[in-house]
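Undergrad: Below is the file my_file-v9.txt, which contains compact mmCIF, C-alpha atoms (C1' of nucleotides).
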```txt
# COMPACT_ATOMS: atom_id res chain seq x y z
CA MET A 21 64.26 -155.23 1.02
CA ALA A 22 65.61 -158.28 2.66
CA ALA A 23 67.47 -159.80 -0.28
CA ARG A 24 69.91 -161.82 1.68
CA THR A 25 72.64 -163.93 0.24
CA ILE A 26 70.60 -167.08 0.19
CA GLY A 27 68.61 -168.37 -2.68
CA GLY A 28 66.68 -166.07 -4.90
CA PRO A 29 65.10 -162.88 -3.72
CA CYS A 30 61.81 -164.01 -5.18
CA GLN A 31 59.96 -162.94 -2.09
CA ALA A 32 56.62 -161.29 -1.76
CA TRP A 33 53.93 -160.60 -4.25
CA PRO A 34 53.14 -156.96 -3.89
CA GLU A 35 49.77 -157.38 -5.53
CA GLU A 36 48.33 -160.63 -4.28
CA SER A 37 48.97 -159.59 -0.73
CA GLY A 38 46.62 -156.69 -1.08
CA PHE A 39 43.89 -158.91 -2.48
CA ILE A 40 44.30 -161.35 0.34
CA ARG A 41 43.73 -158.65 2.86
CA GLU A 42 40.77 -157.39 0.90
CA VAL A 43 38.92 -160.68 0.90
CA LEU A 44 39.94 -161.46 4.45
CA ASP A 45 38.47 -158.20 5.62
CA ARG A 46 35.21 -159.31 4.03
CA ILE A 47 34.93 -162.85 5.29
CA GLY A 48 37.31 -162.77 8.20
CA ASP A 49 34.65 -161.79 10.66
CA LYS A 50 32.76 -164.15 12.86
CA TRP A 51 29.56 -164.72 10.89
CA THR A 52 29.98 -163.98 7.20
CA VAL A 53 31.08 -167.42 6.09
CA LEU A 54 28.48 -169.08 8.26
CA VAL A 55 25.76 -167.03 6.61
CA ILE A 56 27.11 -167.78 3.16
CA SER A 57 27.40 -171.49 3.75
CA THR A 58 23.98 -171.66 5.33
CA LEU A 59 22.58 -169.90 2.32
CA ALA A 60 24.39 -172.15 -0.12
CA GLY A 61 21.58 -174.57 -0.74
CA GLU A 62 18.48 -172.52 -1.31
CA PRO A 63 17.00 -169.11 -0.56
CA MET A 64 16.08 -168.55 3.04
CA ARG A 65 14.07 -166.12 5.09
CA TYR A 66 15.45 -163.95 7.82
CA SER A 67 13.98 -166.10 10.56
CA ASP A 68 15.17 -169.31 9.03
CA LEU A 69 18.65 -167.91 8.81
CA GLN A 70 18.62 -166.95 12.44
CA ALA A 71 17.31 -170.36 13.41
CA SER A 72 19.94 -172.13 11.32
CA ILE A 73 22.85 -170.23 12.79
CA PRO A 74 22.95 -170.91 16.51
CA GLY A 75 24.23 -168.04 18.56
CA ILE A 76 23.84 -165.22 16.09
CA SER A 77 22.04 -162.09 17.23
CA GLN A 78 19.60 -160.05 15.16
CA ARG A 79 22.07 -157.27 14.97
CA MET A 80 24.89 -159.41 13.66
CA LEU A 81 22.63 -161.17 11.21
CA THR A 82 21.35 -157.87 9.85
CA VAL A 83 24.78 -156.30 9.68
CA THR A 84 26.26 -159.31 7.92
CA LEU A 85 23.37 -159.59 5.50
CA LYS A 86 23.55 -155.93 4.52
CA ALA A 87 27.27 -156.07 3.99
CA LEU A 88 26.95 -159.13 1.78
CA GLU A 89 24.13 -157.57 -0.18
CA ARG A 90 26.10 -154.39 -0.65
CA ASP A 91 28.99 -156.34 -2.08
CA GLY A 92 26.75 -158.22 -4.47
CA LEU A 93 27.29 -161.58 -2.82
CA LEU A 94 23.64 -162.14 -2.10
CA SER A 95 20.29 -160.76 -3.21
CA ARG A 96 17.47 -159.63 -0.98
CA THR A 97 13.88 -159.99 -2.13
CA ALA A 98 11.01 -158.54 -0.12
CA TYR A 99 7.47 -159.67 -0.83
CA PRO A 100 4.89 -157.04 0.12
CA GLU A 101 2.55 -159.42 1.86
CA ILE A 102 1.26 -159.86 5.30
CA PRO A 103 2.98 -161.11 7.19
CA PRO A 104 6.01 -159.67 5.43
CA ARG A 105 8.35 -162.12 3.81
CA VAL A 106 11.94 -161.50 2.83
CA GLU A 107 14.17 -164.01 1.14
CA TYR A 108 17.91 -164.00 0.81
CA GLU A 109 19.72 -165.87 -1.91
CA LEU A 110 23.32 -166.20 -2.95
CA THR A 111 24.26 -164.61 -6.25
CA ALA A 112 26.64 -166.25 -8.70
CA LEU A 113 29.37 -164.11 -7.21
CA GLY A 114 28.51 -165.34 -3.75
CA ARG A 115 28.58 -168.94 -4.86
CA SER A 116 31.97 -168.47 -6.46
CA LEU A 117 33.31 -167.12 -3.20
CA LEU A 118 31.82 -170.02 -1.32
CA ASP A 119 33.77 -172.31 -3.56
CA SER A 120 37.08 -170.78 -2.54
CA VAL A 121 36.06 -170.77 1.07
CA MET A 122 35.32 -174.45 0.84
CA ALA A 123 38.92 -174.99 -0.17
CA LEU A 124 39.94 -173.53 3.15
CA ALA A 125 37.44 -175.69 4.95
CA ALA A 126 38.88 -178.71 3.20
CA TRP A 127 42.33 -177.74 4.38
CA ALA A 128 41.10 -177.47 7.93
CA ALA A 129 39.35 -180.81 7.75
CA THR A 130 42.51 -182.43 6.49
CA HIS A 131 45.05 -180.80 8.75
CA HIS A 132 43.32 -179.73 11.91
CA GLU A 133 44.63 -182.78 13.70
CA ASP A 134 48.19 -181.89 12.73
CA VAL A 135 47.65 -178.43 14.11
CA ALA A 136 46.22 -179.82 17.31
CA ALA A 137 49.20 -182.17 17.64
CA SER A 138 51.70 -179.35 17.20
CA ARG A 139 49.88 -177.32 19.75
CA ARG A 140 50.03 -180.08 22.32
CA ALA A 141 53.71 -180.63 21.60
CA HIS A 142 54.46 -177.01 22.31
CA GLU A 143 52.53 -177.06 25.52
CA ARG A 144 54.65 -179.95 26.76
CA THR A 145 58.07 -178.71 25.73
CA GLY A 146 57.56 -175.20 26.89
CA VAL A 147 57.14 -173.51 23.56
CA GLY A 148 60.26 -171.45 23.80
CA ARG A 149 62.53 -174.26 22.66
CA GLU A 150 64.33 -174.21 19.41
CA LYS A 151 63.43 -176.50 16.59
CA THR A 152 64.85 -179.96 16.06
CA ARG A 153 62.06 -180.93 18.31
CA SER A 154 59.93 -183.31 16.32
CA ALA A 155 57.12 -184.20 18.57
CA ALA A 156 55.75 -187.67 18.58
CA PRO A 157 52.47 -188.12 16.78
CA ASP A 158 50.32 -188.02 19.80
CA THR A 159 46.82 -188.88 18.80
CA ALA A 160 45.45 -188.42 22.24
CA PRO A 161 41.90 -187.12 22.08
CA ALA A 162 41.93 -185.47 25.44
CA ARG A 163 42.09 -181.77 25.94
CA MET B 7 31.68 -175.19 -8.03
CA ALA B 8 29.94 -174.62 -4.84
CA ALA B 9 28.19 -177.27 -2.91
CA ARG B 10 25.52 -178.59 -5.10
CA THR B 11 22.74 -180.09 -3.11
CA ILE B 12 20.52 -177.72 -4.97
CA GLY B 13 16.95 -178.71 -4.66
CA GLY B 14 17.49 -180.61 -1.48
CA PRO B 15 15.54 -179.37 1.50
CA CYS B 16 18.39 -180.24 3.75
CA GLN B 17 20.49 -177.31 4.76
CA ALA B 18 24.18 -176.98 5.20
CA TRP B 19 27.00 -179.19 6.25
CA PRO B 20 27.10 -179.41 9.99
CA GLU B 21 30.75 -180.41 10.01
CA GLU B 22 32.44 -178.27 7.41
CA SER B 23 31.04 -175.16 9.03
CA GLY B 24 32.99 -175.87 12.15
CA PHE B 25 36.19 -176.33 10.22
CA ILE B 26 35.67 -173.09 8.42
CA ARG B 27 35.46 -171.22 11.67
CA GLU B 28 38.47 -173.05 12.98
CA VAL B 29 40.74 -172.01 10.14
CA LEU B 30 39.28 -168.53 10.01
CA ASP B 31 40.07 -168.01 13.65
CA ARG B 32 43.67 -168.84 12.78
CA ILE B 33 44.20 -166.74 9.69
CA GLY B 34 41.35 -164.29 9.98
CA ASP B 35 43.41 -161.78 11.87
CA LYS B 36 45.21 -158.87 10.36
CA TRP B 37 48.72 -160.20 9.93
CA THR B 38 48.85 -163.99 9.80
CA VAL B 39 48.40 -164.40 6.07
CA LEU B 40 50.81 -161.57 5.37
CA VAL B 41 53.47 -163.26 7.44
CA ILE B 42 52.83 -166.59 5.77
CA SER B 43 52.95 -165.19 2.27
CA THR B 44 56.05 -163.17 3.01
CA LEU B 45 57.70 -166.29 4.31
CA ALA B 46 56.65 -168.36 1.33
CA GLY B 47 59.85 -168.02 -0.64
CA GLU B 48 62.67 -168.67 1.78
CA PRO B 49 63.52 -168.55 5.45
CA MET B 50 63.74 -165.08 6.89
CA ARG B 51 65.04 -163.39 9.98
CA TYR B 52 62.94 -161.44 12.37
CA SER B 53 64.24 -158.11 11.15
CA ASP B 54 63.76 -158.99 7.52
CA LEU B 55 60.20 -160.00 8.23
CA GLN B 56 59.47 -156.72 9.89
CA ALA B 57 61.04 -154.82 7.04
CA SER B 58 59.06 -156.78 4.47
CA ILE B 59 55.72 -156.18 6.11
CA PRO B 60 55.06 -152.46 6.20
CA GLY B 61 53.08 -151.32 9.17
CA ILE B 62 53.49 -154.30 11.46
CA SER B 63 54.65 -153.65 14.98
CA GLN B 64 57.15 -155.78 16.87
CA ARG B 65 54.45 -156.96 19.18
CA MET B 66 52.15 -158.12 16.42
CA LEU B 67 55.00 -159.79 14.58
CA THR B 68 56.07 -161.65 17.69
CA VAL B 69 52.54 -162.66 18.60
CA THR B 70 51.78 -163.84 15.08
CA LEU B 71 55.02 -165.78 14.78
CA LYS B 72 54.50 -167.56 18.06
CA ALA B 73 50.97 -168.52 17.19
CA LEU B 74 52.07 -169.87 13.83
CA GLU B 75 54.93 -171.76 15.40
CA ARG B 76 52.66 -173.23 18.02
CA ASP B 77 50.32 -174.52 15.35
CA GLY B 78 53.18 -176.08 13.42
CA LEU B 79 52.83 -173.79 10.44
CA LEU B 80 56.36 -172.49 10.70
CA SER B 81 59.60 -173.43 12.39
CA ARG B 82 61.83 -171.18 14.40
CA THR B 83 65.55 -171.77 14.46
CA ALA B 84 67.83 -169.81 16.76
CA TYR B 85 71.56 -169.78 16.12
CA PRO B 86 73.57 -169.15 19.29
CA GLU B 87 75.97 -166.76 17.68
CA ILE B 88 76.84 -163.18 18.16
CA PRO B 89 75.05 -161.29 17.06
CA PRO B 90 72.12 -163.64 17.62
CA ARG B 91 70.34 -164.89 14.54
CA VAL B 92 66.88 -166.36 14.35
CA GLU B 93 65.31 -167.70 11.21
CA TYR B 94 61.70 -168.50 10.51
CA GLU B 95 60.64 -170.92 7.83
CA LEU B 96 57.35 -172.34 6.66
CA THR B 97 56.77 -176.00 7.34
CA ALA B 98 55.09 -178.30 4.83
CA LEU B 99 51.88 -177.70 6.73
CA GLY B 100 52.30 -173.98 6.42
CA ARG B 101 52.91 -174.21 2.70
CA SER B 102 49.81 -176.32 2.21
CA LEU B 103 47.78 -173.68 3.97
CA LEU B 104 49.31 -171.00 1.83
CA ASP B 105 48.08 -172.86 -1.19
CA SER B 106 44.48 -172.66 -0.05
CA VAL B 107 44.88 -169.06 0.90
CA MET B 108 46.12 -168.30 -2.56
CA ALA B 109 42.84 -169.61 -3.91
CA LEU B 110 41.10 -166.91 -1.96
CA ALA B 111 43.52 -164.32 -3.22
CA ALA B 112 42.81 -165.47 -6.74
CA TRP B 113 39.10 -165.04 -6.14
CA ALA B 114 39.67 -161.52 -4.90
CA ALA B 115 41.86 -160.65 -7.85
CA THR B 116 39.20 -161.91 -10.24
CA HIS B 117 36.11 -160.47 -8.63
CA HIS B 118 37.13 -157.45 -6.63
CA GLU B 119 35.94 -155.19 -9.39
CA ASP B 120 32.52 -156.83 -9.36
CA VAL B 121 32.34 -156.23 -5.66
CA ALA B 122 33.37 -152.62 -6.07
CA ALA B 123 30.73 -152.17 -8.76
CA SER B 124 27.98 -153.62 -6.59
CA ARG B 125 29.01 -151.38 -3.79
CA ARG B 126 28.78 -148.29 -5.96
CA ALA B 127 25.40 -149.39 -7.30
CA HIS B 128 24.05 -149.64 -3.80
CA GLU B 129 25.28 -146.23 -2.93
CA ARG B 130 23.38 -144.80 -5.88
CA THR B 131 20.09 -146.61 -5.46
CA GLY B 132 19.84 -145.55 -1.89
CA VAL B 133 20.16 -148.94 -0.34
CA GLY B 134 22.29 -147.40 2.26
CA ARG B 135 19.72 -144.66 2.39
CA GLU B 136 20.22 -141.96 4.87
CA LYS B 137 22.73 -142.53 7.52
CA THR B 138 20.56 -140.74 10.05
CA ARG B 139 23.84 -139.62 11.29
CA SER B 140 22.71 -136.19 12.44
CA ALA B 141 19.97 -137.59 14.60
CA ALA B 142 22.20 -137.81 17.58
CA PRO B 143 23.29 -134.37 18.71
CA ASP B 144 24.96 -135.45 21.86
CA THR B 145 26.29 -138.90 21.02
CA ALA B 146 29.19 -137.91 23.16
CA PRO B 147 31.84 -140.58 23.37
CA ALA B 148 30.82 -141.11 26.93
CA ARG B 149 33.34 -143.74 27.62
C1' DC C 7 69.91 -158.15 17.24
C1' DC C 8 65.81 -160.61 19.15
C1' DG C 9 61.63 -160.26 21.42
C1' DG C 10 59.12 -160.22 26.07
C1' DA C 11 56.03 -157.19 29.09
C1' DT C 12 53.16 -153.24 29.83
C1' DC C 13 49.83 -149.55 28.86
C1' DC C 14 46.42 -147.48 26.01
C1' DT C 15 43.24 -146.69 21.98
C1' DT C 16 39.69 -148.32 19.14
C1' DA C 17 36.99 -151.60 16.26
C1' DT C 18 33.87 -155.45 17.00
C1' DC C 19 30.45 -158.19 18.99
C1' DG C 20 26.38 -159.40 22.12
C1' DA C 21 22.17 -158.20 24.54
C1' DT C 22 18.27 -155.40 24.99
C1' DA C 23 14.59 -152.37 23.66
C1' DC C 24 11.79 -150.32 20.16
C1' DT C 25 9.44 -149.60 15.30
C1' DG C 26 6.89 -150.69 10.80
C1' DC D 21 7.92 -161.18 10.86
C1' DA D 22 11.66 -158.20 9.74
C1' DG D 23 14.31 -155.18 10.93
C1' DT D 24 16.67 -150.55 13.50
C1' DA D 25 19.01 -147.95 17.38
C1' DT D 26 21.78 -147.70 21.49
C1' DC D 27 24.80 -149.33 25.26
C1' DG D 28 28.29 -151.82 27.38
C1' DA D 29 31.88 -155.54 27.51
C1' DT D 30 35.83 -157.37 25.23
C1' DA D 31 39.94 -158.05 23.02
C1' DA D 32 42.68 -157.09 18.85
C1' DG D 33 46.01 -154.00 17.61
C1' DG D 34 49.70 -150.20 18.23
C1' DA D 35 53.46 -147.66 20.79
C1' DT D 36 57.03 -148.00 23.83
C1' DC D 37 60.16 -149.42 27.39
C1' DC D 38 63.03 -153.09 29.04
C1' DG D 39 65.80 -157.30 29.28
C1' DG D 40 68.77 -161.15 27.23
```
Could you express the structure from this file as structure tokens?

TA:
Amino acid sequence: MAARTIGGPCQAWPEESGFIREVLDRIGDKWTVLVISTLAGEPMRYSDLQASIPGISQRMLTVTLKALERDGLLSRTAYPEIPPRVEYELTALGRSLLDSVMALAAWAATHHEDVAASRRAHERTGVGREKTRSAAPDTAPAR
Amino acid sequence: MAARTIGGPCQAWPEESGFIREVLDRIGDKWTVLVISTLAGEPMRYSDLQASIPGISQRMLTVTLKALERDGLLSRTAYPEIPPRVEYELTALGRSLLDSVMALAAWAATHHEDVAASRRAHERTGVGREKTRSAAPDTAPAR
DNA sequence: CCGGATCCTTATCGATACTG
DNA sequence: CAGTATCGATAAGGATCCGG
């Protein structure tokens, strides 16, 4: 343990950390949150999903969908008609997750410019410098 | 609550989706959130960080720290002493992100049992069906 | 004590082809 | 229309050596 002489050794949460990793392993991939957010409004068919998510392949859509279904985040309903029709819909659990994910999205919407500014500052100063280097609020759009 | 818009034919939020991916690309990796949460309490030295995060390698710690510093989520302060001392500390931006991340952790803590239950149910009902694993006799790792 | 640079292993993703 | 199966490219992650 680190327990240095400063402040209180109230570091780490042995339990929460594990949960963070757990949920991040679920939604941390490239498509999961996109599928969930696309499905937020109303049930959708496989084809609609693929059309609504530019760039996703059948394989990735199928894999993501099955994983989400397995975890109870969405429900899959197949109608034995011709042509076959399958609809995917978020469950209550899935919607609750979406809610938390939206919090992250809100953070990004609020702070992404700060992040971009810091990144530009580091590019200019040569990254390796120590702190005490408060970069000017460069709002330049370029890049 | 999740995004309402229920009943509306219009799908998703074209903008939020992009922000979600943006933040997920930052923290979606294996170690970023662990570093952030470990650093939540007080500033820590490189060695302390490594000791507090079981399983992380020097390389991954260095890479993660530099990325976080570049994005302005933490500050790095080097003291020119002997032996050298370097301390890492979350910035206000980093703490605000941690707050959102904690929301996700809270979701996981609340619902991880539901997820586990769904997963077991699917194993029983045969959703996963047969793995068809034995179908490939020679699947040699030709690589 | 801090952490950069290199090499290697392995999970993940994308494209294509095929089936019900 | 709704998937499934296989292959190859890529890069994240891990181990280790080396320098400051």

Undergrad: Quick one: which chain A residues come within 10 Å of chain C, and what is the nearest atom pair for each with the distance in Å to one decimal, counting only C-alpha atoms (C1' of nucleotides), rows ordered by chain and ascending number, as JSON lines?

TA:
```
{"residue": "A:Asp49", "atom": "CA", "partner": "C:DT18", "partner_atom": "C1'", "distance": 9.0}
{"residue": "A:Lys50", "atom": "CA", "partner": "C:DC19", "partner_atom": "C1'", "distance": 8.9}
{"residue": "A:Gly75", "atom": "CA", "partner": "C:DG20", "partner_atom": "C1'", "distance": 9.6}
{"residue": "A:Ile76", "atom": "CA", "partner": "C:DG20", "partner_atom": "C1'", "distance": 8.8}
{"residue": "A:Ser77", "atom": "CA", "partner": "C:DG20", "partner_atom": "C1'", "distance": 7.1}
{"residue": "A:Gln78", "atom": "CA", "partner": "C:DG20", "partner_atom": "C1'", "distance": 9.7}
{"residue": "A:Arg79", "atom": "CA", "partner": "C:DG20", "partner_atom": "C1'", "distance": 8.6}
{"residue": "A:Met80", "atom": "CA", "partner": "C:DC19", "partner_atom": "C1'", "distance": 7.8}
```

Undergrad: Please, could you write that set of residues out with C-alpha atoms as a CSV table (one decimal), in the frame of the given file?

TA:
```csv
chain,number,residue,atom,x,y,z
A,49,ASP,CA,34.6,-161.8,10.7
A,50,LYS,CA,32.8,-164.2,12.9
A,75,GLY,CA,24.2,-168.0,18.6
A,76,ILE,CA,23.8,-165.2,16.1
A,77,SER,CA,22.0,-162.1,17.2
A,78,GLN,CA,19.6,-160.0,15.2
A,79,ARG,CA,22.1,-157.3,15.0
A,80,MET,CA,24.9,-159.4,13.7
```

Undergrad: Write out, as JSON lines, each residue of chain D that has an atom at most 9 Å from chain B, together with the closest pair of atoms and their distance in Å to one decimal, counting all atoms listed in the file, rows going by chain and rising number.

TA:
```
{"residue": "D:DA32", "atom": "C1'", "partner": "B:Asp35", "partner_atom": "CA", "distance": 8.4}
{"residue": "D:DG33", "atom": "C1'", "partner": "B:Met66", "partner_atom": "CA", "distance": 7.5}
{"residue": "D:DG34", "atom": "C1'", "partner": "B:Ser63", "partner_atom": "CA", "distance": 6.9}
{"residue": "D:DA35", "atom": "C1'", "partner": "B:Ser63", "partner_atom": "CA", "distance": 8.4}
```

Undergrad: Please report the interatomic distance between atom CA of Leu96 of chain B and atom CA of Arg82 of chain B in Å with one decimal.

TA: 9.0 Å

Undergrad: What's the separation between atom CA of Gly61 of chain A and atom CA of Arg115 of chain A, in Å to one decimal place?

TA: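 Interatomic distance here is 9.9 Å.
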
Undergrad: I'd like the interatomic distance between atom CA of Ile26 of chain B and atom CA of Leu124 of chain A, to a tenth of an Å.

TA: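 Taking atom CA of Ile26 of chain B and atom CA of Leu124 of chain A, their separation equals 6.8 Å.
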
Undergrad: May I have the residues within 6 Å of segment 127-140 of chain A as a ChimeraX atom specification, using only C-alpha atoms (C1' of nucleotides) and disregarding those fewer than 3 positions away in the same chain?

TA: /A:124,143 /B:25,29,76-78

Undergrad: Kindly provide, as a PDB file with C-alpha atoms (C1' of nucleotides), in the frame of the given file, the polymer residues lying within 10 Å of (13.0, -155.9, 7.7), counting only C-alpha atoms (C1' of nucleotides) and using the coordinates exactly as they appear in the file.

TA:
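Produced file out.pdb, reproduced below:
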```pdb
ATOM      1  CA  TYR A  66      15.450-163.950   7.820  1.00  0.00           C
ATOM      2  CA  THR A  82      21.350-157.870   9.850  1.00  0.00           C
ATOM      3  CA  ALA A  98      11.010-158.540  -0.120  1.00  0.00           C
ATOM      4  CA  PRO A 104       6.010-159.670   5.430  1.00  0.00           C
ATOM      5  CA  ARG A 105       8.350-162.120   3.810  1.00  0.00           C
ATOM      6  CA  VAL A 106      11.940-161.500   2.830  1.00  0.00           C
TER       7      VAL A 106
ATOM      8  C1'  DG C  26       6.890-150.690  10.800  1.00  0.00           C
TER       9       DG C  26
ATOM     10  C1'  DC D  21       7.920-161.180  10.860  1.00  0.00           C
ATOM     11  C1'  DA D  22      11.660-158.200   9.740  1.00  0.00           C
ATOM     12  C1'  DG D  23      14.310-155.180  10.930  1.00  0.00           C
ATOM     13  C1'  DT D  24      16.670-150.550  13.500  1.00  0.00           C
TER      14       DT D  24
END
```

Undergrad: Tell me which of B:Val41, B:Gly100, B:His128, B:Ile59 sits closest to chain A, counting only C-alpha atoms.

TA: B:His128

Undergrad: At a cut-off of 7 Å, using only C-alpha atoms (C1' of nucleotides), what residues contact Ser95 of chain A? Leave out same-chain residues fewer than 3 positions from it and give the result as JSON, numbers by chain.

TA: {"A": [89, 108, 109, 110, 111]}

Undergrad: Kindly indicate which residue among A:Gly48, A:Pro100, A:Gly38, A:Pro63 lies nearest to chain B, using only C-alpha atoms for the distances.

TA: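 Under the stated criterion, the closest residue is A:Gly48.
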
Undergrad: Would you kindly return, as a VMD selection string, each protein, DNA or RNA residue with an atom no farther than 8 Å from any atom of Leu69 of chain A, considering only C-alpha atoms (C1' of nucleotides) and excluding same-chain residues fewer than 5 positions away?

TA: chain A and resid 55 58 to 59 64

Undergrad: Can I get the selection written as a PDB file, keeping the file's coordinate frame, with C-alpha atoms?

TA:
```
ATOM      1  CA  VAL A  55      25.760-167.030   6.610  1.00  0.00           C
ATOM      2  CA  THR A  58      23.980-171.660   5.330  1.00  0.00           C
ATOM      3  CA  LEU A  59      22.580-169.900   2.320  1.00  0.00           C
ATOM      4  CA  MET A  64      16.080-168.550   3.040  1.00  0.00           C
TER       5      MET A  64
END
```
